[in-house]
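Heads up, the thing below is written out as structure tokens.
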Amino acid sequence: MPEGHSLHRLARQFDDVFGGQTVLVSSPQGRFSSDAERIDGHQLEHAFAKGKQLFCRFSNDLYLRVHLGLYGAFSFGGDQHFTGASSIGAPRKIGESETGTTSDAESYNGPPAPVGAVRVRIVSEHGWADLRGPTACEVLDHDRVQAHLNKLGPDPLIGSAVRFRAAKGQADIADSETLLEAGHKEFRANLLKTKTPIGVALMNQSVISGVGNIYRAEALFRNRISPALPANELSAQKTRKLWWDIVSVMEDGVRDGKIITTLPEDRDPQGVIWPDNAYYVYQRQGMQCRKCSARISLAEVAARKLYWCPRCQKRPRQRHST
DNA sequence: CTAGCATGATCAC
DNA sequence: TGATCCTGCTAGC
């Protein structure tokens, strides 16, 4: 599923294979038909992601906005000019990754008959993309897109996105670091605004965008932060460390197409990295902590499963003010 | 076969 | 806090 790294991979894939192309947009399922008509046959100029959302700008100044939610996924296919991820979105089993190439490259004859509930189908000369099960999928004008973007907190993958665009000559690579520093400042300010537990705040897309349940749990463990700590009590130093650590692990996620947060020295040398040794705490409740051997805890918080190590992630001692 | 579950988020009360 | 959106894999009859 789609945490931020999946959406940024998706944006790259879209930009690579559809960018600058005239595309046919339809809704085999029918639910998107009236919106599809507004962009059908136009040029897809540019695709980008913020947090867990994908935006595509079309040549008639309209935008496609997609939010995959819990179930949404894209599948792709096409000829030899159209390679990359075969599927990006909700993994259907633990361990599914997002890398691979299309299988019909040799004998491409256009997209296959749609299978199941395909909300949107996008077709270019060289390939196609099918979208199923998104939480949100709509066509918007620029102002409404901006309103969505404004609601989202800083995206730790902004630097990754800028470097990708810079490689195409569409951005200045120096902006990467500048924007990440600005993101850190915004993140810090957002945390200071609330007493909400940091474990909940990290899932709030207006505080930081793109972090989901896995990155939330893993980033807190890697930084030895209790998920119960009020957000405004996280020190400036810890906040800085947390931000840059999230940047680092999520950039790895974009590169790998899967989430791996463990360091080599914390993995079982006998086992495979993926998926058995990929995480410190996520879905490891009752198992021994890789660092201290305490049993990993699990609690339901705000309708989501929260995993943490009760020994490594203790709250700092309360200081008496006497 | 079906119920349960999943890396998400909104809305009503 | 709970219902709902909505898809597909998996575990268990």
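In the structure tokens, chains take letters A, B, ... by order of appearance, with residues numbered from 1 within each chain and ligands from 1 in the order shown.
Non-sequential neighbours of DG12 of chain C (distance at most 12 Å, separation of 5 or more positions within a chain, only C-alpha atoms (C1' of nucleotides)) are B:DC1, B:DT2, B:DA3, B:DG4.
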Residues of chain C within 9 Å of chain A, only C-alpha atoms (C1' of nucleotides) counted, as a PyMOL selection string: chain C and resi 1+5-10
Would you output that residue set with N, CA and C atoms (P, O5', C5', C4', C3', O3' and C1' of nucleotides), as a PDB file, in the first residue's frame?
```pdb
ATOM      1  P    DT C   1     -11.799   6.970  20.833  1.00  0.00           P
ATOM      2  O5'  DT C   1     -13.343   6.721  20.553  1.00  0.00           O
ATOM      3  C5'  DT C   1     -14.174   5.967  21.397  1.00  0.00           C
ATOM      4  C4'  DT C   1     -15.335   5.561  20.543  1.00  0.00           C
ATOM      5  C3'  DT C   1     -15.073   4.336  19.638  1.00  0.00           C
ATOM      6  O3'  DT C   1     -16.160   3.448  19.786  1.00  0.00           O
ATOM      7  C1'  DT C   1     -15.823   6.162  18.321  1.00  0.00           C
ATOM      8  P    DC C   5     -21.004   2.426   1.828  1.00  0.00           P
ATOM      9  O5'  DC C   5     -19.703   2.814   0.999  1.00  0.00           O
ATOM     10  C5'  DC C   5     -19.460   4.176   0.654  1.00  0.00           C
ATOM     11  C4'  DC C   5     -18.011   4.342   0.262  1.00  0.00           C
ATOM     12  C3'  DC C   5     -17.507   3.291  -0.735  1.00  0.00           C
ATOM     13  O3'  DC C   5     -17.399   3.865  -2.024  1.00  0.00           O
ATOM     14  C1'  DC C   5     -15.917   3.759   1.022  1.00  0.00           C
ATOM     15  P    DC C   6     -17.950   3.020  -3.269  1.00  0.00           P
ATOM     16  O5'  DC C   6     -16.748   1.992  -3.516  1.00  0.00           O
ATOM     17  C5'  DC C   6     -15.461   2.469  -3.848  1.00  0.00           C
ATOM     18  C4'  DC C   6     -14.429   1.373  -3.576  1.00  0.00           C
ATOM     19  C3'  DC C   6     -14.835   0.021  -4.134  1.00  0.00           C
ATOM     20  O3'  DC C   6     -14.267  -0.128  -5.426  1.00  0.00           O
ATOM     21  C1'  DC C   6     -14.062  -0.182  -1.883  1.00  0.00           C
ATOM     22  P    DT C   7     -14.553  -1.481  -6.255  1.00  0.00           P
ATOM     23  O5'  DT C   7     -13.291  -2.376  -5.864  1.00  0.00           O
ATOM     24  C5'  DT C   7     -11.984  -1.909  -6.176  1.00  0.00           C
ATOM     25  C4'  DT C   7     -10.946  -2.879  -5.642  1.00  0.00           C
ATOM     26  C3'  DT C   7     -11.118  -4.324  -6.113  1.00  0.00           C
ATOM     27  O3'  DT C   7      -9.978  -4.675  -6.872  1.00  0.00           O
ATOM     28  C1'  DT C   7     -10.667  -4.201  -3.779  1.00  0.00           C
ATOM     29  P    DG C   8      -9.927  -6.059  -7.668  1.00  0.00           P
ATOM     30  O5'  DG C   8      -9.094  -6.972  -6.668  1.00  0.00           O
ATOM     31  C5'  DG C   8      -7.789  -6.564  -6.326  1.00  0.00           C
ATOM     32  C4'  DG C   8      -7.256  -7.483  -5.244  1.00  0.00           C
ATOM     33  C3'  DG C   8      -7.414  -8.980  -5.553  1.00  0.00           C
ATOM     34  O3'  DG C   8      -6.292  -9.627  -5.003  1.00  0.00           O
ATOM     35  C1'  DG C   8      -8.387  -8.528  -3.522  1.00  0.00           C
ATOM     36  P    DC C   9      -5.686 -10.911  -5.751  1.00  0.00           P
ATOM     37  O5'  DC C   9      -4.792 -11.517  -4.577  1.00  0.00           O
ATOM     38  C5'  DC C   9      -3.931 -10.655  -3.851  1.00  0.00           C
ATOM     39  C4'  DC C   9      -3.937 -11.042  -2.392  1.00  0.00           C
ATOM     40  C3'  DC C   9      -3.719 -12.535  -2.144  1.00  0.00           C
ATOM     41  O3'  DC C   9      -2.690 -12.677  -1.191  1.00  0.00           O
ATOM     42  C1'  DC C   9      -5.616 -11.766  -0.956  1.00  0.00           C
ATOM     43  P    DT C  10      -2.080 -14.154  -0.987  1.00  0.00           P
ATOM     44  O5'  DT C  10      -2.774 -14.579   0.389  1.00  0.00           O
ATOM     45  C5'  DT C  10      -2.738 -13.675   1.480  1.00  0.00           C
ATOM     46  C4'  DT C  10      -3.522 -14.267   2.635  1.00  0.00           C
ATOM     47  C3'  DT C  10      -3.350 -15.778   2.806  1.00  0.00           C
ATOM     48  O3'  DT C  10      -3.098 -16.045   4.169  1.00  0.00           O
ATOM     49  C1'  DT C  10      -5.638 -15.207   2.731  1.00  0.00           C
TER      50       DT C  10
END
```
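Here the residues within segment 74-236 of chain A that DSSP labels strand (DSSP E) on the basis of the backbone are A:Phe74, A:Ser75, A:Phe76, A:Gly77, A:Gly78, A:Ser87, A:Ile88, A:Gly89, A:Val120, A:Arg121, A:Ile122, A:Val123, A:Gly127, A:Trp128, A:Ala129, A:Asp130, A:Leu131, A:Arg132, A:Ala136, A:Cys137, A:Glu138, A:Val139, A:Leu140, A:Asp141.
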Could you write those residues out with N, CA and C atoms, as a PDB file, in the first residue's frame?
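As a result, again.pdb now contains:
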```
ATOM      1  N   PHE A  74      -2.508   0.690  -9.284  1.00  0.00           N
ATOM      2  CA  PHE A  74      -2.371   0.805 -10.725  1.00  0.00           C
ATOM      3  C   PHE A  74      -1.688  -0.439 -11.265  1.00  0.00           C
ATOM      4  N   SER A  75      -2.132  -0.885 -12.426  1.00  0.00           N
ATOM      5  CA  SER A  75      -1.353  -1.888 -13.150  1.00  0.00           C
ATOM      6  C   SER A  75      -1.005  -1.308 -14.512  1.00  0.00           C
ATOM      7  N   PHE A  76       0.116  -1.738 -15.046  1.00  0.00           N
ATOM      8  CA  PHE A  76       0.646  -1.184 -16.292  1.00  0.00           C
ATOM      9  C   PHE A  76       0.964  -2.276 -17.289  1.00  0.00           C
ATOM     10  N   GLY A  77       0.962  -1.876 -18.551  1.00  0.00           N
ATOM     11  CA  GLY A  77       1.455  -2.784 -19.578  1.00  0.00           C
ATOM     12  C   GLY A  77       1.773  -1.988 -20.829  1.00  0.00           C
ATOM     13  N   GLY A  78       2.575  -2.572 -21.703  1.00  0.00           N
ATOM     14  CA  GLY A  78       2.900  -1.863 -22.934  1.00  0.00           C
ATOM     15  C   GLY A  78       4.043  -2.507 -23.679  1.00  0.00           C
ATOM     16  N   SER A  87       3.212  -2.963 -11.387  1.00  0.00           N
ATOM     17  CA  SER A  87       2.055  -2.694 -10.548  1.00  0.00           C
ATOM     18  C   SER A  87       2.490  -1.825  -9.378  1.00  0.00           C
ATOM     19  N   ILE A  88       1.758  -0.788  -9.104  1.00  0.00           N
ATOM     20  CA  ILE A  88       2.084   0.062  -7.960  1.00  0.00           C
ATOM     21  C   ILE A  88       0.808   0.348  -7.191  1.00  0.00           C
ATOM     22  N   GLY A  89       0.854   0.045  -5.913  1.00  0.00           N
ATOM     23  CA  GLY A  89      -0.307   0.316  -5.090  1.00  0.00           C
ATOM     24  C   GLY A  89      -0.394  -0.684  -3.974  1.00  0.00           C
ATOM     25  N   VAL A 120     -10.296   3.857 -13.943  1.00  0.00           N
ATOM     26  CA  VAL A 120      -9.701   4.683 -14.991  1.00  0.00           C
ATOM     27  C   VAL A 120      -8.743   3.857 -15.819  1.00  0.00           C
ATOM     28  N   ARG A 121      -8.814   4.039 -17.126  1.00  0.00           N
ATOM     29  CA  ARG A 121      -7.811   3.463 -18.006  1.00  0.00           C
ATOM     30  C   ARG A 121      -7.181   4.600 -18.799  1.00  0.00           C
ATOM     31  N   ILE A 122      -5.854   4.655 -18.777  1.00  0.00           N
ATOM     32  CA  ILE A 122      -5.104   5.657 -19.530  1.00  0.00           C
ATOM     33  C   ILE A 122      -4.278   4.924 -20.578  1.00  0.00           C
ATOM     34  N   VAL A 123      -4.411   5.350 -21.827  1.00  0.00           N
ATOM     35  CA  VAL A 123      -3.730   4.645 -22.913  1.00  0.00           C
ATOM     36  C   VAL A 123      -2.947   5.637 -23.761  1.00  0.00           C
ATOM     37  N   GLY A 127       1.606   2.224 -24.350  1.00  0.00           N
ATOM     38  CA  GLY A 127       1.210   1.425 -23.198  1.00  0.00           C
ATOM     39  C   GLY A 127      -0.052   1.934 -22.518  1.00  0.00           C
ATOM     40  N   TRP A 128      -0.358   1.314 -21.426  1.00  0.00           N
ATOM     41  CA  TRP A 128      -1.611   1.632 -20.733  1.00  0.00           C
ATOM     42  C   TRP A 128      -1.431   1.521 -19.223  1.00  0.00           C
ATOM     43  N   ALA A 129      -2.352   2.149 -18.484  1.00  0.00           N
ATOM     44  CA  ALA A 129      -2.405   2.032 -17.026  1.00  0.00           C
ATOM     45  C   ALA A 129      -3.856   1.878 -16.611  1.00  0.00           C
ATOM     46  N   ASP A 130      -4.116   0.942 -15.712  1.00  0.00           N
ATOM     47  CA  ASP A 130      -5.455   0.734 -15.158  1.00  0.00           C
ATOM     48  C   ASP A 130      -5.441   1.045 -13.669  1.00  0.00           C
ATOM     49  N   LEU A 131      -6.466   1.765 -13.235  1.00  0.00           N
ATOM     50  CA  LEU A 131      -6.595   2.094 -11.812  1.00  0.00           C
ATOM     51  C   LEU A 131      -7.837   1.441 -11.230  1.00  0.00           C
ATOM     52  N   ARG A 132      -7.658   0.729 -10.135  1.00  0.00           N
ATOM     53  CA  ARG A 132      -8.780   0.103  -9.432  1.00  0.00           C
ATOM     54  C   ARG A 132      -8.815   0.544  -7.980  1.00  0.00           C
ATOM     55  N   ALA A 136      -9.950   8.298  -3.866  1.00  0.00           N
ATOM     56  CA  ALA A 136     -10.306   9.532  -4.572  1.00  0.00           C
ATOM     57  C   ALA A 136      -9.754   9.473  -5.987  1.00  0.00           C
ATOM     58  N   CYS A 137     -10.554   9.945  -6.923  1.00  0.00           N
ATOM     59  CA  CYS A 137     -10.135  10.023  -8.314  1.00  0.00           C
ATOM     60  C   CYS A 137     -11.023  11.048  -8.981  1.00  0.00           C
ATOM     61  N   GLU A 138     -10.444  12.196  -9.332  1.00  0.00           N
ATOM     62  CA  GLU A 138     -11.279  13.265  -9.872  1.00  0.00           C
ATOM     63  C   GLU A 138     -10.458  14.212 -10.736  1.00  0.00           C
ATOM     64  N   VAL A 139     -11.167  14.967 -11.569  1.00  0.00           N
ATOM     65  CA  VAL A 139     -10.540  15.979 -12.413  1.00  0.00           C
ATOM     66  C   VAL A 139     -10.826  17.348 -11.803  1.00  0.00           C
ATOM     67  N   LEU A 140      -9.764  18.147 -11.653  1.00  0.00           N
ATOM     68  CA  LEU A 140      -9.865  19.434 -10.947  1.00  0.00           C
ATOM     69  C   LEU A 140      -9.176  20.530 -11.731  1.00  0.00           C
ATOM     70  N   ASP A 141      -9.587  21.775 -11.475  1.00  0.00           N
ATOM     71  CA  ASP A 141      -8.837  22.901 -12.028  1.00  0.00           C
ATOM     72  C   ASP A 141      -7.676  23.243 -11.096  1.00  0.00           C
TER      73      ASP A 141
END
```
Starting from chain A, keep only residues with some atom at most 7 Å from an atom of chain B, counting only C-alpha atoms (C1' of nucleotides), and report them as a PDB file with all heavy atoms, in the first residue's frame.
```
ATOM      1  N   MET A   1       0.786  -1.098   0.000  1.00  0.00           N
ATOM      2  CA  MET A   1       0.000   0.000   0.000  1.00  0.00           C
ATOM      3  C   MET A   1       0.787   1.099   0.000  1.00  0.00           C
ATOM      4  O   MET A   1       1.878   1.173   0.264  1.00  0.00           O
ATOM      5  CB  MET A   1      -0.672   0.048   1.135  1.00  0.00           C
ATOM      6  CG  MET A   1      -1.441   0.656   1.468  1.00  0.00           C
ATOM      7  SD  MET A   1      -1.813  -0.316   1.864  1.00  0.00           S
ATOM      8  CE  MET A   1      -1.209  -1.156   1.457  1.00  0.00           C
ATOM      9  N   PRO A   2       0.044   1.702  -0.243  1.00  0.00           N
ATOM     10  CA  PRO A   2       0.637   2.900  -0.750  1.00  0.00           C
ATOM     11  C   PRO A   2       0.976   3.860   0.357  1.00  0.00           C
ATOM     12  O   PRO A   2       0.120   4.593   0.800  1.00  0.00           O
ATOM     13  CB  PRO A   2      -0.437   3.427  -1.650  1.00  0.00           C
ATOM     14  CG  PRO A   2      -1.628   2.559  -1.471  1.00  0.00           C
ATOM     15  CD  PRO A   2      -1.325   1.596  -0.442  1.00  0.00           C
ATOM     16  N   GLU A   3       2.193   3.873   0.808  1.00  0.00           N
ATOM     17  CA  GLU A   3       2.653   5.027   1.581  1.00  0.00           C
ATOM     18  C   GLU A   3       3.313   5.959   0.570  1.00  0.00           C
ATOM     19  O   GLU A   3       3.276   5.686  -0.637  1.00  0.00           O
ATOM     20  CB  GLU A   3       3.594   4.582   2.711  1.00  0.00           C
ATOM     21  CG  GLU A   3       2.869   3.650   3.689  1.00  0.00           C
ATOM     22  CD  GLU A   3       3.522   3.469   5.042  1.00  0.00           C
ATOM     23  OE1 GLU A   3       4.264   4.358   5.468  1.00  0.00           O
ATOM     24  OE2 GLU A   3       3.267   2.438   5.679  1.00  0.00           O
ATOM     25  N   GLY A  69      -5.780   5.360  -1.301  1.00  0.00           N
ATOM     26  CA  GLY A  69      -6.420   4.848  -0.099  1.00  0.00           C
ATOM     27  C   GLY A  69      -5.825   3.512   0.290  1.00  0.00           C
ATOM     28  O   GLY A  69      -4.652   3.232   0.043  1.00  0.00           O
ATOM     29  N   LEU A  70      -6.652   2.694   0.899  1.00  0.00           N
ATOM     30  CA  LEU A  70      -6.161   1.416   1.412  1.00  0.00           C
ATOM     31  C   LEU A  70      -6.095   0.356   0.317  1.00  0.00           C
ATOM     32  O   LEU A  70      -5.266  -0.550   0.372  1.00  0.00           O
ATOM     33  CB  LEU A  70      -7.105   0.935   2.516  1.00  0.00           C
ATOM     34  CG  LEU A  70      -6.598  -0.063   3.534  1.00  0.00           C
ATOM     35  CD1 LEU A  70      -5.272   0.362   4.123  1.00  0.00           C
ATOM     36  CD2 LEU A  70      -7.630  -0.222   4.619  1.00  0.00           C
ATOM     37  N   GLY A 212       2.917   6.561   6.473  1.00  0.00           N
ATOM     38  CA  GLY A 212       1.798   5.681   6.776  1.00  0.00           C
ATOM     39  C   GLY A 212       2.143   4.804   7.963  1.00  0.00           C
ATOM     40  O   GLY A 212       3.081   5.094   8.712  1.00  0.00           O
ATOM     41  N   ASN A 213       1.395   3.729   8.121  1.00  0.00           N
ATOM     42  CA  ASN A 213       1.506   2.932   9.341  1.00  0.00           C
ATOM     43  C   ASN A 213       2.866   2.257   9.509  1.00  0.00           C
ATOM     44  O   ASN A 213       3.355   2.106  10.625  1.00  0.00           O
ATOM     45  CB  ASN A 213       0.394   1.873   9.376  1.00  0.00           C
ATOM     46  CG  ASN A 213       0.035   1.480  10.794  1.00  0.00           C
ATOM     47  OD1 ASN A 213       0.412   2.162  11.745  1.00  0.00           O
ATOM     48  ND2 ASN A 213      -0.683   0.392  10.937  1.00  0.00           N
ATOM     49  N   ILE A 214       3.480   1.841   8.404  1.00  0.00           N
ATOM     50  CA  ILE A 214       4.780   1.176   8.520  1.00  0.00           C
ATOM     51  C   ILE A 214       5.866   2.194   8.847  1.00  0.00           C
ATOM     52  O   ILE A 214       6.621   2.025   9.801  1.00  0.00           O
ATOM     53  CB  ILE A 214       5.140   0.425   7.225  1.00  0.00           C
ATOM     54  CG1 ILE A 214       4.112  -0.665   6.944  1.00  0.00           C
ATOM     55  CG2 ILE A 214       6.544  -0.187   7.352  1.00  0.00           C
ATOM     56  CD1 ILE A 214       4.373  -1.454   5.672  1.00  0.00           C
TER      57      ILE A 214
END
```
So which bits of segment 10-238 of chain A end up helix (DSSP H, G or I) when you DSSP the backbone, as number ranges by chain? A: 10-18, 33-39, 142-151, 158-167, 174-192, 198-201, 213-222, 231-233, 236-238
I want to know what sits within 10 Å of His126 of chain A, based on only C-alpha atoms (C1' of nucleotides), with residues of the same chain fewer than 5 positions away left out; could you give that as number ranges by chain? A: 17-18, 21, 77-83, 105, 108-111
Å distance separating atom CA of Ala11 of chain A from atom CA of Gln29 of chain A, one decimal place: 23.2 Å
